[in-house]
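One file, start.txt, carrying compact mmCIF, C-alpha atoms:
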# COMPACT_ATOMS: atom_id res chain seq x y z
CA MET A 20 30.76 74.00 -59.85
CA ALA A 21 29.54 75.86 -56.77
CA ALA A 22 31.55 78.80 -55.59
CA THR A 23 32.92 78.60 -52.07
CA PRO A 24 32.38 81.62 -49.87
CA SER A 25 35.36 83.82 -49.25
CA PRO A 26 36.73 83.71 -45.71
CA ARG A 27 36.26 87.48 -45.68
CA ALA A 28 32.58 87.26 -46.69
CA PRO A 29 30.15 88.32 -43.94
CA SER A 30 28.75 85.41 -41.93
CA ARG A 31 25.12 84.39 -42.37
CA HIS A 32 24.94 84.05 -38.58
CA PRO A 33 26.65 87.08 -37.04
CA GLY A 34 27.47 86.77 -33.39
CA ALA A 35 27.26 82.97 -33.32
CA VAL A 36 30.70 82.56 -31.74
CA ARG A 37 29.95 85.22 -29.14
CA ALA A 38 26.58 83.61 -28.40
CA TRP A 39 28.23 80.19 -28.04
CA LEU A 40 30.79 81.58 -25.60
CA VAL A 41 28.13 83.35 -23.53
CA TRP A 42 25.94 80.23 -23.40
CA TRP A 43 28.95 78.08 -22.50
CA ALA A 44 30.00 80.41 -19.67
CA LEU A 45 26.47 80.63 -18.25
CA LEU A 46 25.89 76.88 -18.44
CA ALA A 47 29.31 76.02 -17.01
CA ALA A 48 28.62 78.42 -14.12
CA LEU A 49 25.23 76.76 -13.57
CA TRP A 50 26.95 73.35 -13.51
CA LEU A 51 29.44 74.58 -10.91
CA ALA A 52 26.64 76.03 -8.80
CA LEU A 53 24.69 72.77 -8.92
CA VAL A 54 27.54 70.31 -8.25
CA ASP A 55 29.24 72.58 -5.69
CA THR A 56 32.65 70.97 -6.15
CA VAL A 57 35.84 71.63 -8.07
CA VAL A 58 36.97 68.03 -8.52
CA VAL A 59 38.61 67.70 -11.95
CA PRO A 60 36.23 65.01 -13.34
CA GLU A 61 33.26 67.22 -12.43
CA LEU A 62 34.89 70.25 -14.06
CA VAL A 63 35.52 68.24 -17.25
CA ALA A 64 31.96 66.87 -17.26
CA GLY A 65 30.60 70.38 -16.74
CA ALA A 66 32.73 71.85 -19.52
CA VAL A 67 31.67 69.12 -21.97
CA GLY A 68 28.00 69.35 -20.97
CA ALA A 69 28.07 73.13 -21.28
CA ALA A 70 29.71 72.84 -24.72
CA ILE A 71 27.03 70.42 -25.95
CA ALA A 72 24.22 72.59 -24.59
CA ALA A 73 25.79 75.80 -25.96
CA THR A 74 26.08 74.18 -29.39
CA GLY A 75 22.39 73.25 -29.25
CA ALA A 76 21.43 76.77 -28.21
CA VAL A 77 23.41 78.31 -31.08
CA LEU A 78 21.90 75.85 -33.59
CA VAL A 79 18.40 76.80 -32.44
CA ARG A 80 19.39 80.49 -32.54
CA GLY A 81 20.45 80.07 -36.18
CA ARG A 82 17.00 78.76 -37.15
CA ARG A 83 15.00 81.65 -35.77
CA GLN A 84 12.80 83.48 -38.21
CA ILE A 85 12.50 86.78 -36.39
CA LEU A 86 14.22 88.43 -33.44
CA LEU A 87 11.73 89.37 -30.74
CA ARG A 88 11.83 92.92 -29.40
CA PRO A 89 9.78 93.16 -26.18
CA ARG A 90 9.23 96.59 -24.67
CA ALA A 91 10.22 97.46 -21.11
CA ALA A 92 6.84 99.18 -20.69
CA TRP A 93 5.19 95.72 -20.78
CA LEU A 94 6.93 94.57 -17.58
CA PRO A 95 4.32 95.91 -15.08
CA ALA A 96 1.50 94.26 -17.04
CA ALA A 97 3.47 91.01 -17.19
CA LEU A 98 3.94 91.08 -13.42
CA ARG A 99 0.20 91.67 -12.92
CA ALA A 100 -0.46 88.61 -15.09
CA LEU A 101 1.76 86.53 -12.83
CA VAL A 102 -0.11 87.77 -9.75
CA ARG A 103 -3.35 86.41 -11.29
CA PHE A 104 -2.04 82.88 -10.65
CA GLY A 105 -3.28 82.72 -7.03
CA PRO A 106 -6.89 83.79 -7.61
CA ASP A 107 -7.10 81.60 -10.72
CA LEU A 108 -5.80 78.64 -8.73
CA LEU A 109 -8.76 79.10 -6.39
CA LYS A 110 -11.08 79.09 -9.43
CA LEU A 111 -9.41 75.87 -10.60
CA ALA A 112 -9.89 74.21 -7.20
CA THR A 113 -13.54 75.27 -7.13
CA ALA A 114 -14.11 73.93 -10.66
CA LEU A 115 -12.43 70.62 -9.80
CA TRP A 116 -14.66 70.30 -6.73
CA ARG A 117 -17.84 71.09 -8.69
CA ARG A 118 -17.04 68.96 -11.73
CA GLY A 119 -14.94 66.19 -10.26
CA VAL A 120 -16.47 65.51 -6.87
CA ARG A 121 -20.03 66.80 -7.20
CA ARG A 122 -20.29 65.85 -10.91
CA GLY A 123 -21.70 69.24 -11.91
CA GLY A 124 -22.42 69.85 -15.57
CA GLU A 125 -20.75 73.24 -15.96
CA GLY A 126 -17.97 73.16 -18.56
CA GLY A 127 -15.33 75.45 -19.94
CA ARG A 128 -15.81 77.52 -23.05
CA LEU A 129 -13.87 78.82 -26.04
CA VAL A 130 -14.11 82.55 -26.66
CA GLU A 131 -12.71 84.90 -29.26
CA VAL A 132 -11.04 88.07 -28.02
CA PRO A 133 -10.18 90.91 -30.42
CA TYR A 134 -6.41 91.26 -30.87
CA SER A 135 -4.42 93.75 -32.93
CA ALA A 136 -0.71 92.77 -32.67
CA VAL A 137 -0.67 90.80 -35.92
CA ALA A 138 2.09 92.55 -37.90
CA ASP A 139 5.34 90.83 -38.92
CA ASP A 140 7.64 93.23 -37.08
CA PRO A 141 9.76 92.12 -34.07
CA GLU A 142 7.68 94.09 -31.55
CA ALA A 143 4.37 92.52 -32.64
CA ALA A 144 5.98 89.06 -32.68
CA ALA A 145 7.21 89.61 -29.10
CA HIS A 146 3.74 90.82 -28.11
CA ARG A 147 2.15 87.66 -29.53
CA ALA A 148 4.67 85.35 -27.85
CA LEU A 149 4.27 87.02 -24.46
CA THR A 150 0.49 87.21 -24.81
CA GLU A 151 0.33 83.46 -25.44
CA ALA A 152 2.70 82.66 -22.57
CA LEU A 153 1.30 85.09 -19.98
CA GLY A 154 -2.31 84.64 -21.09
CA SER A 155 -1.90 80.90 -20.48
CA PHE A 156 0.05 81.13 -17.21
CA ALA A 157 -2.87 81.45 -14.82
CA PRO A 158 -4.96 78.26 -14.69
CA ASN A 159 -8.32 79.73 -15.73
CA SER A 160 -7.42 80.80 -19.27
CA ILE A 161 -5.33 79.27 -22.01
CA VAL A 162 -4.57 81.09 -25.24
CA VAL A 163 -5.16 78.37 -27.82
CA GLU A 164 -4.33 80.35 -30.94
CA VAL A 165 -3.59 83.79 -32.32
CA ASP A 166 -5.59 84.04 -35.54
CA ARG A 167 -3.71 86.77 -37.37
CA ASP A 168 -6.06 86.77 -40.36
CA ARG A 169 -9.19 87.36 -38.27
CA ARG A 170 -7.31 89.45 -35.66
CA VAL A 171 -8.55 87.44 -32.66
CA LEU A 172 -7.22 85.32 -29.83
CA LEU A 173 -8.94 81.97 -29.35
CA VAL A 174 -9.05 81.48 -25.59
CA HIS A 175 -10.28 78.58 -23.46
CA GLU A 176 -11.74 79.56 -20.11
CA LEU A 177 -12.18 76.89 -17.46
CA VAL A 178 -14.60 79.01 -15.43
CA HIS A 179 -16.69 81.61 -17.26
CA THR A 180 -15.78 85.24 -16.57
CA ASP A 181 -17.46 88.48 -17.60
CA ASP A 182 -14.26 89.74 -19.25
CA PRO A 183 -12.21 86.96 -20.90
CA ALA A 184 -9.86 89.57 -22.39
CA ALA A 185 -8.64 90.49 -18.88
CA GLY A 186 -6.96 87.11 -18.49
CA ALA A 187 -6.05 86.43 -22.10
CA LYS A 188 -4.57 89.82 -23.02
CA PRO A 189 -2.29 90.78 -20.15
CA LEU A 190 -0.19 93.26 -22.16
CA PRO A 191 -1.30 96.66 -23.42
CA GLU A 192 -1.96 96.79 -27.15
CA PRO A 193 1.05 98.04 -29.17

Before anything else, please render the file you have as structure tokens.
Amino acid sequence: MAATPSPRAPSRHPGAVRAWLVWWALLAALWLALVDTVVVPELVAGAVGAAIAATGAVLVRGRRQILLRPRAAWLPAALRALVRFGPDLLKLATALWRRGVRRGGEGGRLVEVPYSAVADDPEAAAHRALTEALGSFAPNSIVVEVDRDRRVLLVHELVHTDDPAAGAKPLPEP
């Protein structure tokens, strides 16, 4: 016979109720902002939709393996990565013209870039997640994989550059 947990036992998911309430309030506010009306059926639909979405968010939250801990010092580098979008869009347009219209033979390439944030701590996990997202934001480079065993990023470059790490590793090393 399995023992049932005591109602006074600590929860396996601390803060789940608070997280649900925060998600519900944010999503209900978003609903109100989008529908821009306070008609009762719309309020009920928004409350129910927000409850369903908040439940989904809390269920996903309960399955997380590690809590990410990004550093505020990474913000300037992240903003610089976002600014790269414009120049890389020009590279994309040029590549499409050369390869699509003129049928040029130049192709993209896969490169390995040394990478050191491979630990299991929350800061390194946040660094990996942001590196993959920001390193893939601009159209010229896509971070395909973080190989933690070999300590490299596998990056696809649409147009060859002299320094593939500049686009793929937007954040300073931890």

Please identify every residue of range 112-175 of chain A that has at least one atom no farther than 12 Å from an atom of range 66-84 of chain A, counting all atoms listed in the file, and for each give the shortest atom pair and the distance in Å to one decimal, arranged by chain then increasing number, as a Markdown table.
| residue | atom | partner | partner_atom | distance |
| --- | --- | --- | --- | --- |
| A:Asp139 | CA | A:Gln84 | CA | 10.5 |
| A:Asp140 | CA | A:Gln84 | CA | 11.1 |
| A:Pro141 | CA | A:Gln84 | CA | 10.1 |
| A:Ala144 | CA | A:Gln84 | CA | 10.4 |

note - CA of Val178 in chain A and CA of Ala152 in chain A are separated by 19.1 Å

For range 155-171 of chain A, list every protein, DNA or RNA residue within 10 Å, evaluated using all atoms listed in the file, and leave out those in the same chain fewer than 3 positions away; present the list as JSON, numbers by chain. {"A": [100, 101, 102, 103, 104, 105, 106, 107, 108, 109, 110, 111, 112, 114, 127, 128, 129, 130, 131, 132, 133, 134, 135, 136, 137, 138, 147, 148, 149, 150, 151, 152, 174, 175, 176, 177, 178, 179, 180, 183, 184, 185, 186, 187, 188, 189]}

Pro95 in chain A proximity check over A:Gly119, A:Gly65, A:Pro191, A:Gly126, using only C-alpha atoms: winner is A:Pro191

Just give me the gap between CA of Ala38 in chain A and CA of Val59 in chain A in Å, one decimal is fine.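 About the pair CA of Ala38 in chain A and CA of Val59 in chain A: they are 25.9 Å apart.
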
Between CA of Val63 in chain A and CA of Gly34 in chain A, what distance in Å does the model show, to one decimal?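 Between CA of Val63 in chain A and CA of Gly34 in chain A the gap works out to 25.9 Å.
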
May I have the protein, DNA and RNA residues with any atom at most 8 Å from the point (27.5, 68.2, -11.0), counting all atoms listed in the file, written as a ChimeraX atom specification? /A:50-51,53-56,61,64-65
